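Raw work.cif, mmCIF, C-alpha atoms and all ligand atoms:
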data_query
loop_
_atom_site.group_PDB
_atom_site.id
_atom_site.type_symbol
_atom_site.label_atom_id
_atom_site.label_comp_id
_atom_site.auth_asym_id
_atom_site.auth_seq_id
_atom_site.Cartn_x
_atom_site.Cartn_y
_atom_site.Cartn_z
ATOM 1 C CA GLU M 1 0.000 0.000 0.000
ATOM 2 C CA GLU M 2 2.873 2.278 0.902
ATOM 3 C CA ARG M 3 4.414 1.638 -2.483
ATOM 4 C CA THR M 4 1.295 2.630 -4.323
ATOM 5 C CA LYS M 5 1.171 5.811 -2.267
ATOM 6 C CA ASP M 6 4.779 6.527 -3.114
ATOM 7 C CA ALA M 7 4.113 5.973 -6.754
ATOM 8 C CA GLU M 8 1.084 8.246 -6.642
ATOM 9 C CA LEU M 9 3.110 10.978 -4.975
ATOM 10 C CA LYS M 10 5.880 10.613 -7.552
ATOM 11 C CA SER M 11 3.438 10.784 -10.402
ATOM 12 C CA GLU M 12 1.841 13.917 -8.920
ATOM 13 C CA GLU M 13 5.271 15.505 -8.569
ATOM 14 C CA LEU M 14 6.078 14.605 -12.151
ATOM 15 C CA GLN M 15 2.796 15.977 -13.353
ATOM 16 C CA SER M 16 3.333 19.317 -11.627
ATOM 17 C CA ALA M 17 6.940 19.526 -12.853
ATOM 18 C CA LYS M 18 5.680 18.900 -16.367
ATOM 19 C CA GLU M 19 3.041 21.586 -16.023
ATOM 20 C CA SER M 20 5.491 24.167 -14.743
ATOM 21 C CA LEU M 21 7.888 23.341 -17.575
ATOM 22 C CA GLU M 22 5.122 23.766 -20.104
ATOM 23 C CA GLU M 23 4.229 27.085 -18.534
ATOM 24 C CA LYS M 24 7.865 28.240 -18.747
ATOM 25 C CA ALA M 25 8.106 27.152 -22.397
ATOM 26 C CA HIS M 26 4.910 29.029 -23.180
ATOM 27 C CA GLU M 27 6.225 32.173 -21.455
ATOM 28 C CA LEU M 28 9.500 31.916 -23.363
ATOM 29 C CA MET M 29 7.765 31.500 -26.694
ATOM 30 C CA GLN M 30 5.504 34.394 -25.894
ATOM 31 C CA SER M 31 8.364 36.736 -24.965
ATOM 32 C CA SER M 32 10.385 35.692 -27.990
ATOM 33 C CA LYS M 33 7.354 36.475 -30.130
ATOM 34 C CA TYR M 34 6.976 39.893 -28.466
ATOM 35 C CA LYS M 35 10.657 40.573 -29.099
ATOM 36 C CA SER M 36 10.323 39.744 -32.782
ATOM 37 C CA GLU M 37 7.143 41.757 -33.134
ATOM 38 C CA PHE M 38 8.769 44.686 -31.372
ATOM 39 C CA LEU M 39 11.765 44.480 -33.712
ATOM 40 C CA ALA M 40 9.558 44.267 -36.769
ATOM 41 C CA ASN M 41 7.523 47.346 -35.746
ATOM 42 C CA MET M 42 10.574 49.266 -34.650
ATOM 43 C CA SER M 43 12.427 48.582 -37.888
ATOM 44 C CA HIS M 44 9.465 49.752 -39.863
ATOM 45 C CA GLU M 45 9.188 52.998 -37.908
ATOM 46 C CA LEU M 46 12.918 53.679 -38.214
ATOM 47 C CA ARG M 47 12.882 53.459 -41.964
ATOM 48 C CA THR M 48 10.703 56.501 -42.548
ATOM 49 C CA PRO M 49 12.989 59.151 -40.993
ATOM 50 C CA LEU M 50 16.002 57.349 -42.348
ATOM 51 C CA ASN M 51 14.699 57.614 -45.880
ATOM 52 C CA SER M 52 14.550 61.414 -45.480
ATOM 53 C CA ILE M 53 18.136 61.479 -44.225
ATOM 54 C CA LEU M 54 19.233 59.435 -47.228
ATOM 55 C CA LEU M 55 17.323 61.452 -49.761
ATOM 56 C CA LEU M 56 18.348 64.866 -48.434
ATOM 57 C CA SER M 57 22.025 64.008 -47.952
ATOM 58 C CA GLU M 58 22.078 62.654 -51.494
ATOM 59 C CA MET M 59 20.622 65.922 -52.757
ATOM 60 C CA LEU M 60 23.355 67.837 -50.950
ATOM 61 C CA VAL M 61 26.032 65.709 -52.593
ATOM 62 C CA ASP M 62 24.523 65.907 -56.070
ATOM 63 C CA ASP M 63 23.204 69.434 -56.183
ATOM 64 C CA PRO M 64 25.873 72.013 -57.077
ATOM 65 C CA VAL M 65 23.503 74.968 -56.579
ATOM 66 C CA HIS M 66 23.999 74.839 -52.817
ATOM 67 C CA ASP M 67 27.536 76.077 -53.190
ATOM 68 C CA LEU M 68 28.908 73.728 -50.576
ATOM 69 C CA THR M 69 32.588 73.596 -49.738
ATOM 70 C CA GLU M 70 34.481 70.398 -50.482
ATOM 71 C CA ASP M 71 34.494 69.545 -46.801
ATOM 72 C CA GLN M 72 30.778 69.963 -46.546
ATOM 73 C CA ILE M 73 30.216 67.695 -49.530
ATOM 74 C CA GLU M 74 32.444 65.097 -47.878
ATOM 75 C CA PHE M 75 30.334 65.339 -44.712
ATOM 76 C CA ALA M 76 27.160 64.893 -46.724
ATOM 77 C CA LYS M 77 28.716 61.795 -48.333
ATOM 78 C CA VAL M 78 29.530 60.327 -44.931
ATOM 79 C CA ILE M 79 25.983 61.054 -43.714
ATOM 80 C CA HIS M 80 24.649 59.293 -46.784
ATOM 81 C CA SER M 81 26.815 56.213 -46.546
ATOM 82 C CA SER M 82 26.287 55.849 -42.783
ATOM 83 C CA GLY M 83 22.564 56.197 -43.389
ATOM 84 C CA GLN M 84 22.786 53.490 -46.034
ATOM 85 C CA ASP M 85 24.611 51.170 -43.585
ATOM 86 C CA LEU M 86 21.903 51.771 -41.029
ATOM 87 C CA LEU M 87 19.173 51.074 -43.580
ATOM 88 C CA ASN M 88 20.838 47.787 -44.535
ATOM 89 C CA LEU M 89 20.993 46.784 -40.884
ATOM 90 C CA ILE M 90 17.348 47.691 -40.330
ATOM 91 C CA ASN M 91 16.254 45.784 -43.403
ATOM 92 C CA ASP M 92 18.185 42.727 -42.240
ATOM 93 C CA ILE M 93 16.668 42.890 -38.762
ATOM 94 C CA LEU M 94 13.236 43.296 -40.276
ATOM 95 C CA ASP M 95 13.742 40.238 -42.481
ATOM 96 C CA LEU M 96 14.957 38.106 -39.595
ATOM 97 C CA SER M 97 12.177 39.115 -37.236
ATOM 98 C CA LYS M 98 9.626 38.506 -39.970
ATOM 99 C CA VAL M 99 10.949 34.971 -40.354
ATOM 100 C CA GLU M 100 10.744 34.508 -36.586
ATOM 101 C CA VAL M 101 7.124 35.565 -36.300
ATOM 102 C CA GLY M 102 6.293 33.587 -39.408
ATOM 103 C CA LYS M 103 5.237 36.694 -41.295
ATOM 104 C CA ILE M 104 7.372 36.205 -44.327
ATOM 105 C CA ASP M 105 5.428 35.442 -47.460
ATOM 106 C CA ILE M 106 6.777 32.888 -49.833
ATOM 107 C CA HIS M 107 5.533 32.964 -53.399
ATOM 108 C CA PHE M 108 6.476 29.963 -55.453
ATOM 109 C CA GLU M 109 6.721 30.655 -59.142
ATOM 110 C CA GLU M 110 8.428 29.380 -62.239
ATOM 111 C CA VAL M 111 12.074 30.454 -62.373
ATOM 112 C CA LEU M 112 14.037 30.059 -65.583
ATOM 113 C CA ILE M 113 17.569 29.187 -64.592
ATOM 114 C CA ASN M 114 19.115 30.895 -67.613
ATOM 115 C CA GLU M 115 17.499 34.197 -66.779
ATOM 116 C CA PHE M 116 18.294 33.863 -63.113
ATOM 117 C CA ALA M 117 21.988 33.292 -63.921
ATOM 118 C CA ASP M 118 21.980 36.209 -66.306
ATOM 119 C CA ARG M 119 20.615 38.605 -63.733
ATOM 120 C CA LEU M 120 23.223 37.521 -61.188
ATOM 121 C CA TYR M 121 25.984 37.983 -63.715
ATOM 122 C CA ARG M 122 24.859 41.462 -64.684
ATOM 123 C CA HIS M 123 24.343 42.564 -61.095
ATOM 124 C CA PHE M 124 27.793 41.503 -59.878
ATOM 125 C CA THR M 125 30.017 42.213 -62.876
ATOM 126 C CA PRO M 126 30.632 45.823 -61.718
ATOM 127 C CA PHE M 127 31.842 44.505 -58.319
ATOM 128 C CA ALA M 128 34.265 42.166 -60.080
ATOM 129 C CA LYS M 129 35.560 44.948 -62.333
ATOM 130 C CA HIS M 130 35.948 47.293 -59.396
ATOM 131 C CA LYS M 131 38.217 44.834 -57.555
ATOM 132 C CA ASN M 132 39.832 43.427 -60.662
ATOM 133 C CA LEU M 133 38.600 39.909 -59.949
ATOM 134 C CA GLY M 134 37.552 37.161 -62.326
ATOM 135 C CA PHE M 135 33.834 36.408 -62.260
ATOM 136 C CA THR M 136 31.936 33.584 -63.938
ATOM 137 C CA VAL M 137 28.455 32.129 -63.709
ATOM 138 C CA THR M 138 28.218 28.689 -65.260
ATOM 139 C CA ILE M 139 25.297 26.328 -65.736
ATOM 140 C CA SER M 140 26.211 22.673 -66.054
ATOM 141 C CA GLU M 141 24.594 20.596 -68.765
ATOM 142 C CA ASN M 142 22.645 18.400 -66.373
ATOM 143 C CA ALA M 143 21.148 21.383 -64.527
ATOM 144 C CA LEU M 144 17.392 21.868 -64.621
ATOM 145 C CA SER M 145 16.266 24.632 -66.925
ATOM 146 C CA VAL M 146 13.274 25.596 -64.807
ATOM 147 C CA ILE M 147 12.427 25.258 -61.123
ATOM 148 C CA TYR M 148 9.569 26.381 -58.902
ATOM 149 C CA THR M 149 10.675 28.501 -56.000
ATOM 150 C CA ASP M 150 10.436 32.007 -54.516
ATOM 151 C CA GLU M 151 12.635 33.918 -56.891
ATOM 152 C CA GLN M 152 12.967 36.992 -54.681
ATOM 153 C CA ARG M 153 14.247 34.933 -51.736
ATOM 154 C CA LEU M 154 16.536 32.976 -54.022
ATOM 155 C CA GLN M 155 18.007 36.215 -55.378
ATOM 156 C CA GLN M 156 18.433 37.541 -51.856
ATOM 157 C CA ILE M 157 20.322 34.417 -50.786
ATOM 158 C CA LEU M 158 22.662 34.681 -53.757
ATOM 159 C CA LYS M 159 23.147 38.392 -53.238
ATOM 160 C CA ASN M 160 24.192 37.756 -49.647
ATOM 161 C CA LEU M 161 26.617 35.008 -50.670
ATOM 162 C CA LEU M 162 28.068 36.971 -53.571
ATOM 163 C CA SER M 163 28.492 40.230 -51.696
ATOM 164 C CA ASN M 164 30.421 38.309 -49.048
ATOM 165 C CA ALA M 165 32.524 36.589 -51.705
ATOM 166 C CA PHE M 166 33.468 39.943 -53.227
ATOM 167 C CA LYS M 167 33.971 41.590 -49.862
ATOM 168 C CA PHE M 168 36.404 38.980 -48.557
ATOM 169 C CA THR M 169 38.398 38.423 -51.764
ATOM 170 C CA GLU M 170 41.298 40.628 -52.827
ATOM 171 C CA GLU M 171 42.697 38.630 -55.720
ATOM 172 C CA GLY M 172 41.726 35.707 -57.903
ATOM 173 C CA SER M 173 38.116 35.076 -58.734
ATOM 174 C CA VAL M 174 34.559 34.483 -57.682
ATOM 175 C CA CYS M 175 32.665 31.700 -59.445
ATOM 176 C CA VAL M 176 29.044 30.645 -59.381
ATOM 177 C CA ALA M 177 28.310 27.091 -60.534
ATOM 178 C CA ILE M 178 24.716 26.028 -61.093
ATOM 179 C CA GLU M 179 24.208 22.280 -61.174
ATOM 180 C CA LYS M 180 21.840 19.493 -60.374
ATOM 181 C CA ALA M 181 22.401 18.101 -56.876
ATOM 182 C CA GLU M 182 22.051 14.345 -56.652
ATOM 183 C CA GLY M 183 23.196 11.103 -55.088
ATOM 184 C CA GLU M 184 25.588 11.040 -52.167
ATOM 185 C CA GLU M 185 25.882 14.789 -51.755
ATOM 186 C CA LEU M 186 22.261 14.896 -50.562
ATOM 187 C CA LEU M 187 22.831 12.273 -47.863
ATOM 188 C CA GLY M 188 22.852 13.523 -44.300
ATOM 189 C CA LEU M 189 21.640 17.011 -45.191
ATOM 190 C CA PRO M 190 18.736 18.388 -43.136
ATOM 191 C CA LEU M 191 16.475 18.719 -46.167
ATOM 192 C CA ALA M 192 12.797 19.445 -45.668
ATOM 193 C CA LYS M 193 11.303 16.799 -47.887
ATOM 194 C CA HIS M 194 11.925 14.198 -50.460
ATOM 195 C CA SER M 195 12.273 15.606 -53.933
ATOM 196 C CA ASP M 196 13.406 13.919 -57.092
ATOM 197 C CA SER M 197 15.357 16.890 -58.299
ATOM 198 C CA TRP M 198 17.431 19.429 -56.475
ATOM 199 C CA LEU M 199 19.155 22.567 -57.618
ATOM 200 C CA LYS M 200 22.654 23.316 -56.417
ATOM 201 C CA VAL M 201 24.204 26.765 -56.576
ATOM 202 C CA LYS M 202 27.802 26.926 -55.435
ATOM 203 C CA VAL M 203 29.600 30.228 -54.855
ATOM 204 C CA THR M 204 33.370 29.820 -54.677
ATOM 205 C CA ASP M 205 35.893 32.532 -53.901
ATOM 206 C CA THR M 206 39.653 32.755 -53.514
ATOM 207 C CA GLY M 207 39.418 35.057 -50.516
ATOM 208 C CA ILE M 208 40.599 35.047 -46.903
ATOM 209 C CA GLY M 209 38.730 31.881 -45.928
ATOM 210 C CA ILE M 210 37.043 31.023 -42.626
ATOM 211 C CA PRO M 211 38.687 29.129 -39.745
ATOM 212 C CA LEU M 212 37.112 25.721 -39.177
ATOM 213 C CA GLU M 213 35.967 26.543 -35.635
ATOM 214 C CA LYS M 214 33.961 29.524 -36.929
ATOM 215 C CA GLN M 215 32.277 27.806 -39.839
ATOM 216 C CA GLU M 216 29.145 26.944 -37.899
ATOM 217 C CA GLU M 217 28.717 30.111 -35.882
ATOM 218 C CA ILE M 218 28.901 32.514 -38.842
ATOM 219 C CA PHE M 219 25.356 31.359 -39.680
ATOM 220 C CA GLU M 220 24.138 32.770 -36.369
ATOM 221 C CA ALA M 221 22.930 36.367 -36.092
ATOM 222 C CA PHE M 222 25.591 39.023 -35.460
ATOM 223 C CA GLN M 223 28.501 36.556 -35.663
ATOM 224 C CA GLN M 224 31.555 37.682 -37.598
ATOM 225 C CA VAL M 225 34.982 36.115 -37.751
ATOM 226 C CA ASP M 226 36.776 39.320 -36.836
ATOM 227 C CA GLY M 227 35.483 40.433 -33.448
ATOM 228 C CA ALA M 228 34.199 43.943 -32.767
ATOM 229 C CA THR M 229 37.554 45.193 -31.485
ATOM 230 C CA MET M 230 39.463 44.328 -34.639
ATOM 231 C CA ARG M 231 36.786 44.833 -37.246
ATOM 232 C CA LYS M 232 38.258 45.428 -40.643
ATOM 233 C CA TYR M 233 35.298 44.663 -42.885
ATOM 234 C CA GLY M 234 31.926 46.344 -42.558
ATOM 235 C CA GLY M 235 28.655 44.476 -42.435
ATOM 236 C CA THR M 236 26.075 43.491 -39.897
ATOM 237 C CA GLY M 237 26.727 39.810 -39.327
ATOM 238 C CA LEU M 238 23.121 39.127 -40.305
ATOM 239 C CA GLY M 239 23.470 38.161 -43.973
ATOM 240 C CA LEU M 240 24.268 34.508 -43.406
ATOM 241 C CA SER M 241 21.610 33.982 -40.740
ATOM 242 C CA ILE M 242 19.047 35.371 -43.176
ATOM 243 C CA THR M 243 20.506 33.151 -45.883
ATOM 244 C CA LYS M 244 20.150 30.092 -43.646
ATOM 245 C CA GLU M 245 16.537 30.927 -42.723
ATOM 246 C CA PHE M 246 15.570 31.627 -46.345
ATOM 247 C CA ALA M 247 17.220 28.424 -47.552
ATOM 248 C CA GLN M 248 15.084 26.523 -45.018
ATOM 249 C CA LEU M 249 11.946 28.378 -46.095
ATOM 250 C CA LEU M 250 12.594 27.237 -49.652
ATOM 251 C CA GLY M 251 12.946 23.658 -48.367
ATOM 252 C CA GLY M 252 16.721 23.452 -48.658
ATOM 253 C CA VAL M 253 20.027 24.140 -46.939
ATOM 254 C CA CYS M 254 23.105 26.289 -47.215
ATOM 255 C CA LYS M 255 26.496 24.943 -46.147
ATOM 256 C CA VAL M 256 30.080 26.088 -46.221
ATOM 257 C CA GLU M 257 33.487 24.610 -46.938
ATOM 258 C CA SER M 258 36.466 26.842 -46.439
ATOM 259 C CA SER M 259 40.154 26.882 -45.871
ATOM 260 C CA GLU M 260 41.925 29.867 -44.332
ATOM 261 C CA GLY M 261 44.016 31.816 -46.795
ATOM 262 C CA VAL M 262 42.749 29.705 -49.704
ATOM 263 C CA GLY M 263 39.080 30.567 -50.099
ATOM 264 C CA SER M 264 35.512 29.595 -49.347
ATOM 265 C CA SER M 265 32.659 27.765 -51.017
ATOM 266 C CA PHE M 266 29.057 28.299 -50.021
ATOM 267 C CA THR M 267 26.604 25.767 -51.425
ATOM 268 C CA LEU M 268 22.874 26.251 -51.592
ATOM 269 C CA ILE M 269 20.724 23.197 -52.272
ATOM 270 C CA ILE M 270 16.980 23.631 -52.810
ATOM 271 C CA PRO M 271 14.227 21.414 -54.212
ATOM 272 C CA SER M 272 13.082 22.100 -57.746
ATOM 273 C CA LEU M 273 9.477 22.000 -56.525
ATOM 274 C CA PRO M 274 7.786 23.209 -53.376
ATOM 275 C CA GLU M 275 6.016 20.654 -51.205
ATOM 276 C CA GLY M 276 2.538 19.763 -52.404
ATOM 277 C CA MET M 277 3.143 20.691 -56.041
ATOM 278 C CA PRO M 278 1.229 18.388 -58.386
ATOM 279 C CA GLU M 279 3.111 15.372 -59.723
ATOM 280 C CA ILE M 280 2.452 16.394 -63.324
ATOM 281 C CA ILE M 281 4.678 19.422 -63.068
ATOM 282 C CA GLU M 282 7.322 17.359 -61.342
ATOM 283 C CA ASN M 283 7.298 14.972 -64.292
ATOM 284 C CA GLU M 284 7.515 17.794 -66.772
ATOM 285 C CA ILE M 285 10.522 19.149 -64.976
ATOM 286 C CA ASN M 286 12.267 15.809 -64.848
ATOM 287 C CA THR M 287 11.957 15.147 -68.548
HETATM 288 P P1 LIG X 1 28.515 40.277 -42.691
HETATM 289 O O1 LIG X 1 29.091 39.908 -44.011
HETATM 290 O O2 LIG X 1 27.558 41.400 -42.766
HETATM 291 O O3 LIG X 1 29.536 40.447 -41.612
HETATM 292 P P2 LIG X 1 27.380 37.613 -42.736
HETATM 293 O O4 LIG X 1 26.395 36.962 -41.823
HETATM 294 O O5 LIG X 1 27.050 37.654 -44.178
HETATM 295 O O6 LIG X 1 27.607 39.072 -42.176
HETATM 296 O O7 LIG X 1 28.794 36.903 -42.544
HETATM 297 C C1 LIG X 1 29.259 36.638 -41.234
HETATM 298 C C2 LIG X 1 30.752 36.498 -41.228
HETATM 299 O O8 LIG X 1 31.163 35.311 -41.911
HETATM 300 C C3 LIG X 1 31.505 37.625 -41.926
HETATM 301 O O9 LIG X 1 31.655 38.762 -41.097
HETATM 302 C C4 LIG X 1 32.842 36.951 -42.216
HETATM 303 O O10 LIG X 1 33.641 36.943 -41.055
HETATM 304 C C5 LIG X 1 32.438 35.517 -42.527
HETATM 305 N N1 LIG X 1 32.294 35.284 -43.986
HETATM 306 C C6 LIG X 1 31.131 35.202 -44.690
HETATM 307 N N2 LIG X 1 31.365 34.957 -45.996
HETATM 308 C C7 LIG X 1 32.705 34.885 -46.138
HETATM 309 C C8 LIG X 1 33.577 34.645 -47.266
HETATM 310 N N3 LIG X 1 33.107 34.433 -48.503
HETATM 311 N N4 LIG X 1 34.908 34.632 -47.020
HETATM 312 C C9 LIG X 1 35.406 34.844 -45.784
HETATM 313 N N5 LIG X 1 34.645 35.067 -44.678
HETATM 314 C C10 LIG X 1 33.295 35.092 -44.852
#
Could you render the structure from this file as structure tokens?
Amino acid sequence: EERTKDAELKSEELQSAKESLEEKAHELMQSSKYKSEFLANMSHELRTPLNSILLLSEMLVDDPVHDLTEDQIEFAKVIHSSGQDLLNLINDILDLSKVEVGKIDIHFEEVLINEFADRLYRHFTPFAKHKNLGFTVTISENALSVIYTDEQRLQQILKNLLSNAFKFTEEGSVCVAIEKAEGEELLGLPLAKHSDSWLKVKVTDTGIGIPLEKQEEIFEAFQQVDGATMRKYGGTGLGLSITKEFAQLLGGVCKVESSEGVGSSFTLIIPSLPEGMPEIIENEINT
């Protein structure tokens, strides 16, 4: 009889521990949601005055009628570029908090790989010229010619990866290779679903590289290899965390391979079809 009593007591204790844990988890989720909502609202409100700062400082730089001294024009330039940095940061925070509160809209649509590659090439060629770096975008023969995904998010991912590649590379080249991902390379990846065909976009640079022990944490928000005290490159440390979240939203992953002083490769793998897309289209794509 004593034993049954003991067991009853234990089970009551367990039950109440479970309840208090659930309560804590609920509170945590709630406060994390408030934080994200606060950030999203805040970012939105900050953009309005910032846009005036950007517009007016740009007018000062561009408009000769004001008769500004050279110094004053320099100041206006600094105001403008600092404002631009701040806007980038705010936009990144807004994106991340939107992902966290599940407010980001994903629109799947047909994306022609040729056109997508073309746009990337045109957008980044000036960066390559500016730093005197080689730049190629290649599509392998086995690559799919059309996929269904959110093109805007896909572009944003590639823009993040390519701006990093150009930022951290002083000589050599930046290459984008678009291929079909298949077989062993898909094994062990945390991919959202089964898909018969996967797109792989690999961005390779010959830049400074990333130490092995940092290769995981750079995907976390605000993490940069060079700490705040010795910061040499600008940036917010948010690009890769957004990239990781977006890759997941598209049903795929982004991973890195890198060797210090040699260069880095960031690989994005996404399904050619979103979940729940009719089989017919899948067949069309595969043939
Ligand atoms: P940001 O570039 O704004 O600092 P990211 O989240 O895009 O933020 O990148 C985080 C960090 O990862 C960078 O600060 C840099 O230290 C490292 N990193 C990212 N891409 C590269 C690259 N191609 N080569 C070398 N280091 C990189």
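Picture a line from CA of Lys214 (chain M) to CA of Leu133 (chain M); it runs 25.7 Å.
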For chain M against ligand LIG 1 (chain X), with a cut-off of 9 Å and counting only C-alpha atoms and all ligand atoms, what is the closest atom pair and its distance in Å to one decimal for every residue that makes the cut, ordered by chain and number, as a tab-separated table?
residue	atom	partner	partner_atom	distance
M:Leu89	CA	X:LIG1	O2	8.7
M:Asn160	CA	X:LIG1	O5	6.2
M:Leu161	CA	X:LIG1	N2	6.7
M:Leu162	CA	X:LIG1	N3	7.6
M:Ser163	CA	X:LIG1	O1	7.7
M:Asn164	CA	X:LIG1	N2	4.6
M:Ala165	CA	X:LIG1	N3	3.9
M:Phe166	CA	X:LIG1	N3	7.3
M:Lys167	CA	X:LIG1	N3	7.3
M:Phe168	CA	X:LIG1	N4	4.8
M:Thr169	CA	X:LIG1	N4	7.0
M:Val203	CA	X:LIG1	N3	8.4
M:Thr204	CA	X:LIG1	N3	7.7
M:Asp205	CA	X:LIG1	N3	6.4
M:Thr206	CA	X:LIG1	N4	8.3
M:Gly207	CA	X:LIG1	N4	5.7
M:Ile208	CA	X:LIG1	C9	5.3
M:Gly209	CA	X:LIG1	C9	4.5
M:Ile210	CA	X:LIG1	N5	5.1
M:Pro211	CA	X:LIG1	N5	8.7
M:Lys214	CA	X:LIG1	O8	8.1
M:Gln215	CA	X:LIG1	O8	7.9
M:Glu217	CA	X:LIG1	O8	8.3
M:Ile218	CA	X:LIG1	O8	4.7
M:Phe219	CA	X:LIG1	O4	6.1
M:Glu220	CA	X:LIG1	O4	7.2
M:Ala221	CA	X:LIG1	O4	6.7
M:Phe222	CA	X:LIG1	O4	6.7
M:Gln223	CA	X:LIG1	C1	5.6
M:Gln224	CA	X:LIG1	O9	3.7
M:Val225	CA	X:LIG1	O10	3.7
M:Asp226	CA	X:LIG1	O10	5.8
M:Gly227	CA	X:LIG1	O10	8.6
M:Arg231	CA	X:LIG1	O9	8.8
M:Tyr233	CA	X:LIG1	O9	7.2
M:Gly234	CA	X:LIG1	O3	6.4
M:Gly235	CA	X:LIG1	O2	3.3
M:Thr236	CA	X:LIG1	O2	3.8
M:Gly237	CA	X:LIG1	O6	3.1
M:Leu238	CA	X:LIG1	O4	4.2
M:Gly239	CA	X:LIG1	O5	3.6
M:Leu240	CA	X:LIG1	O4	3.6
M:Ser241	CA	X:LIG1	O4	5.7
M:Ile242	CA	X:LIG1	O4	7.6
M:Thr243	CA	X:LIG1	O4	8.1
M:Val256	CA	X:LIG1	N2	9.0
M:Ser258	CA	X:LIG1	N4	8.0
M:Glu260	CA	X:LIG1	C9	8.3
M:Gly263	CA	X:LIG1	N4	6.6
M:Ser264	CA	X:LIG1	N3	5.5
M:Ser265	CA	X:LIG1	N3	7.1
M:Phe266	CA	X:LIG1	N3	7.5
For the point (8.2, 47.3, -37.3) in file coordinates, what residues are within 10 Å, counting all atoms listed in the file? Give the answer as a ChimeraX atom specification? /M:36-47,90,93-94,97-98
Residues matched by the PyMOL selection byres (((chain M and resi 199) around 10) and not hetatm), written as a ChimeraX atom specification: /M:113,143-147,178-182,197-198,200-202,252,268-273
Nearest-residue call for Gly172 (chain M), choices M:Asn132, M:Asn51, M:Asn88, M:Ser140, using all atoms listed in the file: M:Asn132
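Closest approach to Glu74 (chain M) from the set M:Glu110, M:Leu154, M:Ala7, M:Leu60 is made by M:Leu60, with distances taken over all atoms listed in the file.
Minimum atom-to-atom distance to Leu191 (chain M), evaluated using all atoms listed in the file, belongs to M:Lys255 out of M:Arg3, M:Arg153, M:Lys255, M:Lys24.
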Which residues are near Ile79 (chain M)? Cut-off 9 Å, only C-alpha atoms, ignore same chain within fewer than 6 positions. Put them as a PyMOL selection string. chain M and resi 53-54+57-58
Among listed residues M:His26, M:Val61, M:Glu109, M:Leu14, nearest Ile73 (chain M) (using all atoms listed in the file): M:Val61
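One finds CA of Lys159 (chain M) at 11.8 Å from CA of Phe127 (chain M).
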